[in-house]
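Chemist: My structure is stored as target17.cif, with mmCIF, C-alpha atoms.
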data_data
#
loop_
_atom_site.group_PDB
_atom_site.id
_atom_site.type_symbol
_atom_site.label_atom_id
_atom_site.label_comp_id
_atom_site.auth_asym_id
_atom_site.auth_seq_id
_atom_site.Cartn_x
_atom_site.Cartn_y
_atom_site.Cartn_z
ATOM 1 C CA MET J 1 99.904 47.466 105.786
ATOM 2 C CA GLU J 2 99.277 49.060 102.395
ATOM 3 C CA ILE J 3 97.324 51.876 104.073
ATOM 4 C CA ILE J 4 100.268 52.651 106.382
ATOM 5 C CA ILE J 5 102.678 52.697 103.446
ATOM 6 C CA ILE J 6 100.442 55.073 101.486
ATOM 7 C CA ALA J 7 100.012 57.328 104.536
ATOM 8 C CA VAL J 8 103.780 57.578 105.111
ATOM 9 C CA LEU J 9 104.304 58.200 101.392
ATOM 10 C CA LEU J 10 101.804 61.080 101.465
ATOM 11 C CA PHE J 11 103.509 62.583 104.513
ATOM 12 C CA CYS J 12 106.887 62.366 102.781
ATOM 13 C CA ALA J 13 105.476 63.994 99.635
ATOM 14 C CA ALA J 14 103.986 66.783 101.759
ATOM 15 C CA PHE J 15 107.303 67.310 103.563
ATOM 16 C CA ALA J 16 109.128 67.520 100.222
ATOM 17 C CA ALA J 17 106.676 69.902 98.551
ATOM 18 C CA GLY J 18 106.338 72.119 101.622
ATOM 19 C CA SER J 19 110.067 72.459 102.208
ATOM 20 C CA VAL J 20 110.719 73.380 98.560
ATOM 21 C CA LEU J 21 108.036 76.077 98.732
ATOM 22 C CA LEU J 22 109.370 77.437 102.016
ATOM 23 C CA THR J 23 112.947 77.524 100.755
ATOM 24 C CA THR J 24 111.847 79.238 97.553
ATOM 25 C CA GLN J 25 110.207 81.916 99.689
ATOM 26 C CA LEU J 26 113.395 82.247 101.725
ATOM 27 C CA MET J 27 115.461 82.695 98.561
ATOM 28 C CA LYS J 28 113.170 85.516 97.436
ATOM 29 C CA MET J 29 113.593 87.295 100.755
ATOM 30 C CA HIS J 30 117.297 86.652 101.352
ATOM 31 C CA ASP J 31 119.695 86.419 98.428
ATOM 32 C CA LEU J 32 122.298 84.529 100.457
ATOM 33 C CA PRO J 33 124.479 81.619 99.264
ATOM 34 C CA PHE J 34 123.745 79.469 102.295
ATOM 35 C CA ILE J 35 120.003 79.653 101.552
ATOM 36 C CA ARG J 36 120.687 78.303 98.056
ATOM 37 C CA ALA J 37 122.783 75.568 99.683
ATOM 38 C CA ILE J 38 119.828 74.468 101.808
ATOM 39 C CA MET J 39 117.668 74.314 98.665
ATOM 40 C CA TYR J 40 120.183 71.996 96.995
ATOM 41 C CA TYR J 41 120.416 70.034 100.232
ATOM 42 C CA ILE J 42 116.717 69.243 100.411
ATOM 43 C CA ILE J 43 116.543 68.439 96.681
ATOM 44 C CA PHE J 44 119.436 65.949 96.844
ATOM 45 C CA ILE J 45 118.140 64.348 100.049
ATOM 46 C CA PHE J 46 114.623 63.995 98.688
ATOM 47 C CA VAL J 47 115.912 62.501 95.430
ATOM 48 C CA PHE J 48 117.904 59.983 97.460
ATOM 49 C CA GLY J 49 114.882 59.186 99.640
ATOM 50 C CA THR J 50 112.592 58.778 96.652
ATOM 51 C CA TYR J 51 115.030 56.729 94.591
ATOM 52 C CA SER J 52 116.692 54.549 97.228
ATOM 53 C CA ILE J 53 114.047 54.148 99.930
ATOM 54 C CA TRP J 54 110.725 54.463 98.171
ATOM 55 C CA GLY J 55 112.260 52.715 95.164
ATOM 56 C CA GLN J 56 112.476 49.593 97.333
ATOM 57 C CA PHE J 57 108.715 49.599 97.817
ATOM 58 C CA ILE J 58 108.118 50.126 94.098
ATOM 59 C CA ILE J 59 110.403 47.215 93.287
ATOM 60 C CA ALA J 60 108.739 45.044 95.915
ATOM 61 C CA PHE J 61 105.207 45.693 94.653
ATOM 62 C CA ILE J 62 105.880 45.767 90.913
ATOM 63 C CA ALA J 63 108.821 43.464 90.221
ATOM 64 C CA SER J 64 108.451 40.836 92.954
ATOM 65 C CA PRO J 65 105.477 38.951 91.478
ATOM 66 C CA ASP J 66 107.141 38.518 88.071
ATOM 67 C CA LEU J 67 110.848 38.054 88.847
ATOM 68 C CA PRO J 68 112.876 35.525 90.824
ATOM 69 C CA ALA J 69 113.846 36.528 94.350
ATOM 70 C CA ALA J 70 117.531 36.779 93.405
ATOM 71 C CA ALA J 71 116.767 39.206 90.576
ATOM 72 C CA VAL J 72 114.594 41.374 92.828
ATOM 73 C CA SER J 73 117.380 41.493 95.422
ATOM 74 C CA SER J 74 119.911 42.541 92.765
ATOM 75 C CA ILE J 75 117.641 45.310 91.456
ATOM 76 C CA SER J 76 116.998 46.567 94.998
ATOM 77 C CA LEU J 77 120.723 46.615 95.769
ATOM 78 C CA ILE J 78 121.542 48.491 92.573
ATOM 79 C CA SER J 79 118.799 51.023 93.338
ATOM 80 C CA LEU J 80 120.286 51.643 96.783
ATOM 81 C CA LEU J 81 123.822 52.059 95.459
ATOM 82 C CA PHE J 82 122.780 54.419 92.649
ATOM 83 C CA GLY J 83 120.958 56.603 95.161
ATOM 84 C CA LEU J 84 123.982 57.078 97.408
ATOM 85 C CA PRO J 85 125.663 59.784 95.233
ATOM 86 C CA PHE J 86 122.603 62.001 95.745
ATOM 87 C CA LEU J 87 122.980 61.464 99.481
ATOM 88 C CA VAL J 88 126.652 62.464 99.316
ATOM 89 C CA PHE J 89 125.844 65.709 97.490
ATOM 90 C CA GLY J 90 123.088 66.373 100.036
ATOM 91 C CA TRP J 91 125.582 66.012 102.883
ATOM 92 C CA LEU J 92 127.979 68.318 101.063
ATOM 93 C CA MET J 93 125.282 70.987 100.737
ATOM 94 C CA LEU J 94 124.544 70.673 104.467
ATOM 95 C CA LEU J 95 128.206 71.384 105.216
ATOM 96 C CA ARG J 96 128.201 74.356 102.832
ATOM 97 C CA PHE J 97 125.015 75.652 104.474
ATOM 98 C CA SER J 98 126.612 75.333 107.918
ATOM 99 C CA ALA J 99 129.684 77.257 106.785
ATOM 100 C CA GLY J 100 127.581 80.057 105.284
ATOM 101 C CA ALA J 101 125.310 80.300 108.329
ATOM 102 C CA SER J 102 128.364 80.838 110.541
ATOM 103 C CA GLY J 103 129.791 83.572 108.298
ATOM 104 C CA ARG J 104 132.597 81.539 106.730
ATOM 105 C CA SER J 105 133.398 80.106 103.301
ATOM 106 C CA PHE J 106 133.692 76.414 102.439
ATOM 107 C CA PRO J 107 137.057 75.810 100.708
ATOM 108 C CA ALA J 108 137.115 73.969 97.385
ATOM 109 C CA LEU J 109 139.759 71.605 98.786
ATOM 110 C CA TYR J 110 137.311 70.394 101.447
ATOM 111 C CA THR J 111 134.716 69.760 98.760
ATOM 112 C CA ALA J 112 137.170 67.700 96.692
ATOM 113 C CA LEU J 113 138.295 65.654 99.713
ATOM 114 C CA PHE J 114 134.741 65.033 100.872
ATOM 115 C CA LEU J 115 133.621 63.819 97.446
ATOM 116 C CA ALA J 116 136.743 61.693 96.918
ATOM 117 C CA ILE J 117 136.392 59.918 100.267
ATOM 118 C CA ASN J 118 132.669 59.247 99.930
ATOM 119 C CA PHE J 119 132.751 58.103 96.316
ATOM 120 C CA GLY J 120 135.661 55.838 97.237
ATOM 121 C CA LEU J 121 133.500 54.314 99.969
ATOM 122 C CA ILE J 122 130.549 53.942 97.576
ATOM 123 C CA ILE J 123 132.764 52.116 95.065
ATOM 124 C CA THR J 124 133.943 49.851 97.884
ATOM 125 C CA LEU J 125 130.329 49.134 98.810
ATOM 126 C CA GLY J 126 129.625 48.311 95.176
ATOM 127 C CA VAL J 127 132.493 45.820 95.111
ATOM 128 C CA ILE J 128 131.259 44.213 98.334
ATOM 129 C CA ALA J 129 127.719 44.037 96.965
ATOM 130 C CA GLY J 130 128.963 42.344 93.799
ATOM 131 C CA GLU J 131 130.688 39.615 95.772
ATOM 132 C CA THR J 132 127.984 38.792 98.299
ATOM 133 C CA SER J 133 124.231 38.442 98.663
ATOM 134 C CA TYR J 134 121.661 41.186 99.253
ATOM 135 C CA SER J 135 121.185 40.260 102.913
ATOM 136 C CA ASN J 136 124.930 40.347 103.553
ATOM 137 C CA ALA J 137 125.501 43.634 101.681
ATOM 138 C CA ILE J 138 122.676 45.603 103.314
ATOM 139 C CA PRO J 139 124.361 45.893 106.762
ATOM 140 C CA TYR J 140 127.399 47.559 105.157
ATOM 141 C CA ILE J 141 125.143 50.135 103.488
ATOM 142 C CA LYS J 142 123.341 50.723 106.795
ATOM 143 C CA TYR J 143 126.622 51.272 108.645
ATOM 144 C CA TYR J 144 127.851 53.626 105.938
ATOM 145 C CA TYR J 145 124.617 55.656 106.007
ATOM 146 C CA ALA J 146 124.422 55.859 109.797
ATOM 147 C CA GLY J 147 128.142 56.508 110.310
ATOM 148 C CA ILE J 148 128.692 59.164 107.651
ATOM 149 C CA SER J 149 125.375 60.870 108.484
ATOM 150 C CA PHE J 150 126.488 61.202 112.101
ATOM 151 C CA LEU J 151 129.980 62.439 111.151
ATOM 152 C CA CYS J 152 128.508 65.009 108.759
ATOM 153 C CA ALA J 153 126.016 66.180 111.396
ATOM 154 C CA ILE J 154 128.797 66.613 113.980
ATOM 155 C CA THR J 155 131.047 68.385 111.468
ATOM 156 C CA ALA J 156 128.175 70.660 110.419
ATOM 157 C CA ALA J 157 127.433 71.382 114.095
ATOM 158 C CA ILE J 158 131.021 72.360 114.846
ATOM 159 C CA THR J 159 131.140 74.494 111.693
ATOM 160 C CA ILE J 160 127.877 76.341 112.233
ATOM 161 C CA LEU J 161 128.617 77.082 115.895
ATOM 162 C CA SER J 162 132.158 78.340 115.263
ATOM 163 C CA PRO J 163 132.346 82.072 114.448
ATOM 164 C CA GLY J 164 133.623 82.992 110.986
ATOM 165 C CA LYS J 165 135.514 86.042 109.795
ATOM 166 C CA SER J 166 132.337 87.899 108.792
ATOM 167 C CA MET J 167 129.202 88.458 110.872
ATOM 168 C CA PRO J 168 127.047 85.301 110.879
ATOM 169 C CA PRO J 169 123.683 85.885 109.159
ATOM 170 C CA LEU J 170 122.036 83.843 111.936
ATOM 171 C CA ASN J 171 122.437 84.411 115.665
ATOM 172 C CA ILE J 172 123.929 81.752 117.911
ATOM 173 C CA ASN J 173 120.581 80.637 119.363
ATOM 174 C CA ASP J 174 119.121 79.956 115.922
ATOM 175 C CA ARG J 175 122.260 78.129 114.843
ATOM 176 C CA LEU J 176 122.120 75.990 117.973
ATOM 177 C CA LYS J 177 118.506 75.049 117.244
ATOM 178 C CA ILE J 178 119.431 74.016 113.694
ATOM 179 C CA VAL J 179 122.171 71.798 115.156
ATOM 180 C CA LEU J 180 119.655 70.165 117.510
ATOM 181 C CA ILE J 181 117.259 69.511 114.620
ATOM 182 C CA SER J 182 119.980 67.973 112.476
ATOM 183 C CA ILE J 183 121.601 65.789 115.136
ATOM 184 C CA THR J 184 118.259 64.602 116.529
ATOM 185 C CA GLY J 185 117.178 63.511 113.055
ATOM 186 C CA VAL J 186 120.439 61.664 112.402
ATOM 187 C CA ILE J 187 120.391 59.861 115.764
ATOM 188 C CA MET J 188 116.779 58.753 115.353
ATOM 189 C CA GLN J 189 117.463 57.476 111.828
ATOM 190 C CA GLY J 190 120.532 55.616 113.062
ATOM 191 C CA ILE J 191 118.532 53.941 115.824
ATOM 192 C CA ALA J 192 115.876 52.879 113.313
ATOM 193 C CA LEU J 193 118.473 51.540 110.870
ATOM 194 C CA LEU J 194 120.499 49.551 113.362
ATOM 195 C CA PHE J 195 117.909 48.313 115.859
ATOM 196 C CA ILE J 196 114.672 47.710 113.938
ATOM 197 C CA LYS J 197 114.941 44.224 112.473
ATOM 198 C CA GLU J 198 111.744 44.178 110.395
ATOM 199 C CA GLU J 199 112.897 45.599 107.051
ATOM 200 C CA ILE J 200 109.613 47.132 105.961
ATOM 201 C CA TRP J 201 109.054 48.948 109.272
ATOM 202 C CA MET J 202 112.665 50.097 109.348
ATOM 203 C CA ALA J 203 112.372 51.525 105.836
ATOM 204 C CA LEU J 204 109.101 53.329 106.600
ATOM 205 C CA ILE J 205 110.421 54.889 109.817
ATOM 206 C CA VAL J 206 113.706 55.950 108.207
ATOM 207 C CA ALA J 207 111.840 57.469 105.250
ATOM 208 C CA PHE J 208 109.499 59.419 107.537
ATOM 209 C CA LEU J 209 112.378 60.676 109.697
ATOM 210 C CA LEU J 210 114.569 61.539 106.692
ATOM 211 C CA PHE J 211 111.891 63.593 104.942
ATOM 212 C CA GLY J 212 110.532 65.088 108.164
ATOM 213 C CA PHE J 213 113.791 66.328 109.668
ATOM 214 C CA THR J 214 115.040 67.542 106.286
ATOM 215 C CA ALA J 215 111.888 69.648 105.959
ATOM 216 C CA ALA J 216 112.270 70.899 109.542
ATOM 217 C CA ILE J 217 115.295 73.071 108.679
ATOM 218 C CA PRO J 218 113.590 75.278 106.037
ATOM 219 C CA LEU J 219 110.493 75.361 108.247
ATOM 220 C CA PHE J 220 112.548 76.708 111.134
ATOM 221 C CA LEU J 221 114.400 79.195 108.919
ATOM 222 C CA ASN J 222 111.144 80.480 107.471
ATOM 223 C CA TYR J 223 109.100 80.960 110.623
ATOM 224 C CA PHE J 224 111.474 81.194 113.581
ATOM 225 C CA ALA J 225 114.994 82.237 112.572
ATOM 226 C CA VAL J 226 116.130 85.859 112.664
ATOM 227 C CA PHE J 227 118.326 86.949 109.761
ATOM 228 C CA ARG J 228 120.902 89.673 110.308
ATOM 229 C CA VAL J 229 121.682 92.257 107.651
ATOM 230 C CA ASP J 230 124.590 94.636 107.101
ATOM 231 C CA LYS J 231 124.603 98.417 107.607
ATOM 232 C CA THR J 232 124.029 99.194 103.915
ATOM 233 C CA ILE J 233 120.788 97.226 103.848
ATOM 234 C CA ARG J 234 119.820 98.671 107.231
ATOM 235 C CA SER J 235 120.137 102.209 105.846
ATOM 236 C CA ALA J 236 118.140 101.313 102.723
ATOM 237 C CA VAL J 237 115.325 99.790 104.769
ATOM 238 C CA SER J 238 114.929 102.932 106.837
ATOM 239 C CA THR J 239 114.258 105.071 103.751
ATOM 240 C CA THR J 240 112.174 102.869 101.461
ATOM 241 C CA ILE J 241 109.144 101.729 103.486
ATOM 242 C CA ASP J 242 107.481 105.063 104.199
ATOM 243 C CA GLU J 243 104.624 104.415 101.752
ATOM 244 C CA PHE J 244 104.022 101.004 103.299
ATOM 245 C CA LEU J 245 103.774 102.616 106.743
ATOM 246 C CA LYS J 246 101.278 105.225 105.522
ATOM 247 C CA GLU J 247 99.100 102.672 103.734
ATOM 248 C CA PHE J 248 98.596 100.554 106.859
ATOM 249 C CA GLU J 249 98.425 103.509 109.283
ATOM 250 C CA ILE J 250 101.470 102.404 111.229
ATOM 251 C CA SER J 251 102.338 104.523 114.273
ATOM 252 C CA PRO J 252 105.870 105.962 114.681
ATOM 253 C CA ARG J 253 106.805 103.404 117.342
ATOM 254 C CA GLU J 254 105.383 100.559 115.275
ATOM 255 C CA ALA J 255 107.369 101.883 112.306
ATOM 256 C CA GLU J 256 110.555 101.570 114.347
ATOM 257 C CA ILE J 257 109.648 97.993 115.179
ATOM 258 C CA ILE J 258 109.019 97.152 111.514
ATOM 259 C CA ARG J 259 112.331 98.669 110.443
ATOM 260 C CA GLU J 260 114.225 96.626 113.012
ATOM 261 C CA ILE J 261 112.334 93.458 112.089
ATOM 262 C CA CYS J 262 113.260 93.993 108.434
ATOM 263 C CA CYS J 263 116.872 94.458 109.519
ATOM 264 C CA GLY J 264 116.875 91.037 111.173
ATOM 265 C CA LEU J 265 116.733 91.931 114.864
ATOM 266 C CA SER J 266 115.047 89.611 117.339
ATOM 267 C CA ASN J 267 112.404 90.878 119.774
ATOM 268 C CA GLN J 268 114.956 91.035 122.587
ATOM 269 C CA GLU J 269 117.448 92.922 120.401
ATOM 270 C CA ILE J 270 114.735 95.389 119.403
ATOM 271 C CA ALA J 271 113.825 95.908 123.061
ATOM 272 C CA ASP J 272 117.464 96.533 123.966
ATOM 273 C CA LYS J 273 118.021 98.942 121.084
ATOM 274 C CA LEU J 274 114.839 100.983 121.642
ATOM 275 C CA PHE J 275 115.095 100.874 125.474
ATOM 276 C CA ILE J 276 111.668 99.297 125.912
ATOM 277 C CA SER J 277 110.536 96.047 127.506
ATOM 278 C CA LEU J 278 110.321 92.765 125.626
ATOM 279 C CA GLN J 279 106.578 92.603 126.282
ATOM 280 C CA THR J 280 106.142 96.079 124.753
ATOM 281 C CA VAL J 281 107.884 94.868 121.600
ATOM 282 C CA LYS J 282 105.594 91.833 121.475
ATOM 283 C CA ASP J 283 102.521 94.044 121.931
ATOM 284 C CA HIS J 284 103.589 96.387 119.131
ATOM 285 C CA THR J 285 104.380 93.419 116.880
ATOM 286 C CA HIS J 286 100.959 91.910 117.540
ATOM 287 C CA ARG J 287 99.245 95.172 116.557
ATOM 288 C CA ILE J 288 101.407 95.378 113.428
ATOM 289 C CA TYR J 289 100.288 91.888 112.425
ATOM 290 C CA ILE J 290 96.649 92.862 112.922
ATOM 291 C CA LYS J 291 96.996 96.052 110.836
ATOM 292 C CA THR J 292 98.901 94.404 107.991
ATOM 293 C CA ASN J 293 97.152 91.009 108.194
ATOM 294 C CA ALA J 294 100.599 89.356 108.403
ATOM 295 C CA ARG J 295 100.903 86.022 110.187
ATOM 296 C CA ASN J 296 104.601 86.152 111.057
ATOM 297 C CA ARG J 297 107.883 88.040 110.580
ATOM 298 C CA MET J 298 108.686 86.415 107.267
ATOM 299 C CA GLN J 299 105.335 87.359 105.746
ATOM 300 C CA LEU J 300 105.666 90.915 107.069
ATOM 301 C CA MET J 301 109.130 91.238 105.516
ATOM 302 C CA THR J 302 107.805 89.824 102.254
ATOM 303 C CA MET J 303 104.979 92.374 102.235
ATOM 304 C CA VAL J 304 107.422 95.229 102.825
ATOM 305 C CA LYS J 305 109.748 94.009 100.092
ATOM 306 C CA ASN J 306 106.903 93.512 97.604
ATOM 307 C CA HIS J 307 105.572 96.967 98.402
ATOM 308 C CA GLU J 308 109.004 98.450 97.746
ATOM 309 C CA GLY J 309 109.187 96.626 94.438
ATOM 310 C CA SER J 310 105.761 97.845 93.276
ATOM 311 C CA GLU J 311 106.598 101.399 94.342
ATOM 312 C CA HIS J 312 109.855 101.260 92.366
ATOM 313 C CA ASN J 313 108.002 100.005 89.278
ATOM 314 C CA GLN J 314 105.429 102.791 89.531
ATOM 315 C CA ARG J 315 108.173 105.406 89.696
ATOM 316 C CA SER J 316 109.949 103.856 86.707
ATOM 317 C CA ALA J 317 106.740 103.930 84.670
#
Could you render the structure as structure tokens?
Modeler:
Amino acid sequence: MEIIIIAVLLFCAAFAAGSVLLTTQLMKMHDLPFIRAIMYYIIFIFVFGTYSIWGQFIIAFIASPDLPAAAVSSISLISLLFGLPFLVFGWLMLLRFSAGASGRSFPALYTALFLAINFGLIITLGVIAGETSYSNAIPYIKYYYAGISFLCAITAAITILSPGKSMPPLNINDRLKIVLISITGVIMQGIALLFIKEEIWMALIVAFLLFGFTAAIPLFLNYFAVFRVDKTIRSAVSTTIDEFLKEFEISPREAEIIREICCGLSNQEIADKLFISLQTVKDHTHRIYIKTNARNRMQLMTMVKNHEGSEHNQRSA
């Protein structure tokens, strides 16, 4: 059993480290508020997972041999309750991310109401925990986690799929995929919480799902999502990558593809704009990757941006 626990712990640590690195890369490429929101989201969720879920295993292995069972239960319950505020802030950042990804703002009043309601519920859980045993208090915490997680996921889904006043930085297909990732993760965690009776297996599965699906969002944004940009950026891109194109011997048609990629167009959108087939766009993109040694769109965009930055520094010097 110890080997399984260590293996799940290593997976969770890898999910956490990888998602932070991917989101940091996203923030360098796209200075957008909703990208910063997803960074805060994963940090708060991982702190909650480390403190409240993995903290239970630490307490079980370290404190159990030396303390009475009642004391261990009290410490475990306190650890769970103290981790819930991080979870609440993580949910809030998910809602703010969803609003930003749909091209809308997240009003301060909604933030205040969300925090007031959830901290009121956490205080209520604390009162219940103080008046009953660990085994009787745990179901209330499970219901709170599963219920509010599902409500937040549904609210985030409605928000991210509803068009805002400004142009959404992500297209509808990408936003729909993010919704599927989020809701699938919440449903699977809820099933594990409510239907797996063995506490240790329930905790391990929930931890794996929590860390895994949280990391899935920055992974998707980094490698699969297409970011849209405004006309000002589009004009700047078209005039600042000439040296990059010369260095890698990019053909005129391939240069058009690169410019549109850097402006956030999908392959189908590029095909429609340039009046060529989708397969032709894919063929050109493949040759671009070979010439530049880029593995994906995000790395190609990073290379272009870094090249622009070095060129600017050389001119300044």
Chemist: Point out the residue among J:Leu80, J:Thr50, J:Phe89, J:Phe97 with the least atom-to-atom distance to Pro33 in chain J, counting all atoms listed in the file.
Modeler: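 The closest residue to Pro33 in chain J is J:Phe97.
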Chemist: Would you write out, as a VMD selection string, every residue that the PyMOL selection byres ((chain J and resi 207-213) around 8) captures in this file?
Modeler: chain J and resid 8 11 to 12 15 to 16 45 to 46 49 53 to 54 181 to 182 185 188 to 189 203 to 206 214 to 217
Chemist: Any idea what's packed within 12 Å of range 253-256 of chain J, counting all atoms listed in the file, ignoring anything in its chain fewer than 2 positions away? Could you give it as a count of residues only?
Modeler: 42
Chemist: Run the PyMOL selection byres ((chain J and resi 116-120) around 12) against the file shown and list the residues it catches, as an MDAnalysis selection string.
Modeler: chainID J and resid 81:92 109:115 121:127 144:145 147:149 151:152
Chemist: List the residues selected by the PyMOL selection byres ((chain J and resi 161) around 9) in the file shown, writing them as a PyMOL selection string.
Modeler: chain J and resi 98+101-102+156-160+162-163+172+175-176+179
Chemist: Which residues are close to Pro139 in chain J, i.e. within 12 Å by only C-alpha atoms, leaving aside same-chain residues fewer than 2 positions away? Reply as a list in words.
Modeler: Leu77, Leu125, Ile128, Ala129, Thr132, Ser133, Tyr134, Ser135, Asn136, Ala137, Ile141, Lys142, Tyr143, Tyr144, Tyr145, Ala146, Gly147, Leu193, Leu194, Phe195, Lys197 and Glu199 of chain J
Chemist: Calculate how many Å separate CA of Met29 in chain J from CA of Gly100 in chain J, rounding to one decimal.
Modeler: 16.4 Å
Chemist: Which polymer residues, protein or nucleic acid, are no farther than 10 Å from (112.4, 49.4, 94.4), counting all atoms listed in the file, as a list in words?
Modeler: Thr50, Tyr51, Ser52, Ile53, Trp54, Gly55, Gln56, Phe57, Ile58, Ile59, Ala60, Phe61, Ile62, Ala63, Ser64, Val72, Ser73, Ile75, Ser76, Leu77, Ile78, Ser79 and Leu80 of chain J
Chemist: Report the distance between CA of Phe150 in chain J and CA of Ala192 in chain J in Å, rounded to one decimal place.
Modeler: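 Rounded to one decimal, the two atoms are 13.5 Å apart.
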Chemist: For each of J:Phe224, J:Asn171, J:Pro252, J:Thr23, take the minimum atom-to-atom distance to Arg297 in chain J, counting all atoms listed in the file, then give the residue where this is smallest.
Modeler: J:Phe224
Chemist: Could you state the separation of CA of Leu26 in chain J and CA of Ile43 in chain J in Å, given to one decimal place?
Modeler: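 Taking CA of Leu26 in chain J and CA of Ile43 in chain J, their separation equals 15.0 Å.
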Chemist: Given the choices J:Asn222, J:Ser105, J:Arg36, J:Gly190, which gets closest to Met93 in chain J if the distance is worked out from only C-alpha atoms?
Modeler: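 So, comparing all the options, the nearest one is J:Arg36.
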Chemist: Just checking: using all atoms listed in the file, which residue out of J:Ala14, J:Val47, J:Ala153, J:Ile42 ends up closest to Leu95 in chain J?
Modeler: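 Of J:Ala14, J:Val47, J:Ala153, J:Ile42, the one nearest Leu95 in chain J is J:Ala153, counting all atoms listed in the file.
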Chemist: Between J:Ile200, J:Lys28, J:Ile154, J:Ile6, which is the closest to Asn306 in chain J once you count all atoms listed in the file?
Modeler: J:Lys28
Chemist: Between J:Leu300, J:Leu221, J:Ile3, J:Ala71, which has the minimum distance to Met27 in chain J (counting all atoms listed in the file)?
Modeler: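 That would be J:Leu221, the residue with the smallest distance to Met27 in chain J.
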